[in-house]
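Just below is one structure, and these are the notes that go with it.
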Amino acid sequence: MNNLDAKDILPGIYSNLLKCFGPQHWWPGESPFEVMIGAILTQSASWHNVELSIAALKGAGKLTPSGLRETPLHELAALVHSSGYYNAKAKKLKALTDWLGSYADDLGTAFTGELESKRREIMEIHGVGPETADSILLYAAEKPVFVIDAYTRRTVGRIGIAPSEDTYDAYQQLFMSNLLPVVPYYNEYHALLVKLGKEICRKTPLCGTCCTRELCSHGISAAM
DNA sequence: GGCCAGGACACCA
DNA sequence: TGGTGTCATGGC
């Protein structure tokens, strides 16, 4: 599979997924700050469990940068208990709000700057790796970066256009070098890939044995 | 009872 | 540099 093929295939997959599933209305958060918190909490956790944590934070009146900073670590851990890894995630939330504090909790200022250097800066925050950083940049800062997650890698592999190098950056380049850098486009595309990943069976979408064969043909094979 | 979910970090060879 | 263990709840 060469680059030219991906340039043809990737837009087609998008339009088919959109046709099949409709708009996903991501990110499901009420503010950019809430999006950032959700990006940390959803690490290796189901969104349902994250929603429980966000509701707990809201209920306690802690869903603000200063609110999280001023909450003792053990108390914060209890509030995000439902998301799993609660001790680790409480520390990560602290690190994130400490970083925001260096910009006087002004997200507009925090997100201002050259994109690549800003991405590196955000990835230096404890607990923020490439996927979380890109989720924050795309869904909270509205910057044109494509988010790569396990679903995306799995789907790309099944389609047969996986990059030769099995790294986050290689997968990201596959999308960003073949798609126009438009924020709503990247937003919807990633959300649709997650939706597809949740719908199809874990073996292979083209196996013909899973209960979602129709989705497979609409979402993937029809685009090939 | 086991597997998995919108990852990242620490440690070791 | 790459591989492995750890962090951990809730739903199916």
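Residue names in the structure tokens use chain letters A, B, ... in the order shown, residue numbers from 1 in each chain, and ligand numbers from 1 in the order shown.
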Within 8 Å of DA5 in chain B using only C-alpha atoms (C1' of nucleotides), minus same-chain residues under 5 positions, as a list in words
Ser44, Ala45, Ser46 and Trp47 of chain A
Selected residues, C-alpha atoms, written as a JSON list (two decimals), in the first residue's frame, please.
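After the write, again-v9.json holds the following:
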```
[["chain", "number", "residue", "atom", "x", "y", "z"],
["A", 44, "SER", "CA", -7.49, 3.27, 29.32],
["A", 45, "ALA", "CA", -10.98, 3.77, 30.69],
["A", 46, "SER", "CA", -14.47, 3.66, 29.27],
["A", 47, "TRP", "CA", -16.17, 6.98, 28.68]]
```
For chain A, work out the contacting residues on chain C at 9 Å, counting only C-alpha atoms (C1' of nucleotides), and write them as number ranges by chain.
C: 7-10
For a quick test of understanding: name the residues of chain A lying within 9 Å of chain B when counting only C-alpha atoms (C1' of nucleotides), and present them as a PyMOL selection string.
chain A and resi 39-40+42-47+126-129+131-132+149-151+191+194
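The protein and nucleic acid residues lying at most 9 Å from Phe33 in chain A are Leu63, Thr64, Pro65, Leu107 and Ala140 of chain A, with only C-alpha atoms (C1' of nucleotides) considered and sequence neighbours fewer than 6 positions away removed.
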Could you save those same residues with N, CA and C atoms as a short mmCIF file (atom, residue, chain, number, x, y, z; two decimals), in the first residue's frame?
```cif
data_model
loop_
_atom_site.label_atom_id
_atom_site.label_comp_id
_atom_site.auth_asym_id
_atom_site.auth_seq_id
_atom_site.Cartn_x
_atom_site.Cartn_y
_atom_site.Cartn_z
N LEU A 63 -14.60 21.34 39.42
CA LEU A 63 -14.24 21.26 38.01
C LEU A 63 -13.78 22.61 37.45
N THR A 64 -12.76 23.14 38.10
CA THR A 64 -12.09 24.35 37.63
C THR A 64 -10.60 24.15 37.88
N PRO A 65 -9.74 24.88 37.17
CA PRO A 65 -8.30 24.72 37.41
C PRO A 65 -7.93 24.94 38.88
N LEU A 107 -6.89 29.54 29.08
CA LEU A 107 -6.65 28.53 28.05
C LEU A 107 -6.25 29.16 26.73
N ALA A 140 -9.88 20.57 22.49
CA ALA A 140 -9.98 21.71 23.41
C ALA A 140 -9.42 22.98 22.76
#
```
Test item: residues at most 12 Å from Leu76 in chain A, only C-alpha atoms (C1' of nucleotides), excluding those fewer than 6 positions along its chain, as a PyMOL selection string
chain A and resi 53-54+56-58+60-63+67-70+82-83+86-94
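Among the candidates A:Gly29, A:Thr155, A:Ile148, A:Ser164, the residue lying nearest to Pro130 in chain A is A:Ile148 (atoms considered: only C-alpha atoms).
One distance worth recording is that between CA of Arg158 in chain A and CA of Tyr171 in chain A, which is 13.5 Å.
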Give me, as an mmCIF file with C-alpha atoms, in the first residue's frame, the residues of range 15-75 of chain A that a backbone DSSP run labels helix (DSSP H, G or I).
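Below is the file that was written, states38.cif:
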```cif
data_model
loop_
_atom_site.group_PDB
_atom_site.id
_atom_site.type_symbol
_atom_site.label_atom_id
_atom_site.label_comp_id
_atom_site.auth_asym_id
_atom_site.auth_seq_id
_atom_site.Cartn_x
_atom_site.Cartn_y
_atom_site.Cartn_z
ATOM 1 C CA SER A 15 -17.502 9.679 3.954
ATOM 2 C CA ASN A 16 -18.706 6.121 4.315
ATOM 3 C CA LEU A 17 -18.377 6.161 8.084
ATOM 4 C CA LEU A 18 -20.203 9.475 8.251
ATOM 5 C CA LYS A 19 -22.944 8.071 6.052
ATOM 6 C CA CYS A 20 -23.187 4.965 8.181
ATOM 7 C CA PHE A 21 -22.964 6.422 11.697
ATOM 8 C CA PRO A 32 -12.409 23.200 26.720
ATOM 9 C CA PHE A 33 -11.250 22.706 30.302
ATOM 10 C CA GLU A 34 -13.665 19.828 30.767
ATOM 11 C CA VAL A 35 -12.360 18.340 27.530
ATOM 12 C CA MET A 36 -8.828 18.441 28.938
ATOM 13 C CA ILE A 37 -9.898 16.728 32.149
ATOM 14 C CA GLY A 38 -11.781 14.107 30.159
ATOM 15 C CA ALA A 39 -8.718 13.472 28.005
ATOM 16 C CA ILE A 40 -6.733 12.512 31.110
ATOM 17 C CA LEU A 41 -9.497 10.503 32.742
ATOM 18 C CA TRP A 47 -16.174 6.981 28.676
ATOM 19 C CA HIS A 48 -19.040 5.905 30.904
ATOM 20 C CA ASN A 49 -16.697 5.681 33.878
ATOM 21 C CA VAL A 50 -15.186 9.037 32.969
ATOM 22 C CA GLU A 51 -18.633 10.639 32.961
ATOM 23 C CA LEU A 52 -19.165 9.408 36.505
ATOM 24 C CA SER A 53 -15.922 11.064 37.575
ATOM 25 C CA ILE A 54 -16.699 14.329 35.820
ATOM 26 C CA ALA A 55 -20.121 14.374 37.455
ATOM 27 C CA ALA A 56 -18.461 13.814 40.835
ATOM 28 C CA LEU A 57 -16.024 16.666 40.217
ATOM 29 C CA LYS A 58 -18.858 18.947 39.145
ATOM 30 C CA GLY A 59 -20.980 17.953 42.105
ATOM 31 C CA PRO A 65 -8.301 24.720 37.409
ATOM 32 C CA SER A 66 -8.051 26.307 40.851
ATOM 33 C CA GLY A 67 -10.604 23.890 42.255
ATOM 34 C CA LEU A 68 -8.495 20.905 41.243
ATOM 35 C CA ARG A 69 -5.250 22.518 42.333
ATOM 36 C CA GLU A 70 -6.575 23.298 45.796
ATOM 37 C CA LEU A 73 -4.556 14.600 46.315
ATOM 38 C CA HIS A 74 -6.389 11.882 48.237
ATOM 39 C CA GLU A 75 -9.661 13.788 47.941
#
```
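Atom pair CA of Glu121 in chain A / CA of Pro144 in chain A has a distance of 16.5 Å (rounded to one decimal).
Shortest separation to Trp26 in chain A among A:Ala95, A:Ile159, A:Val183, A:Val145 occurs at residue A:Val183, atoms counted being only C-alpha atoms.
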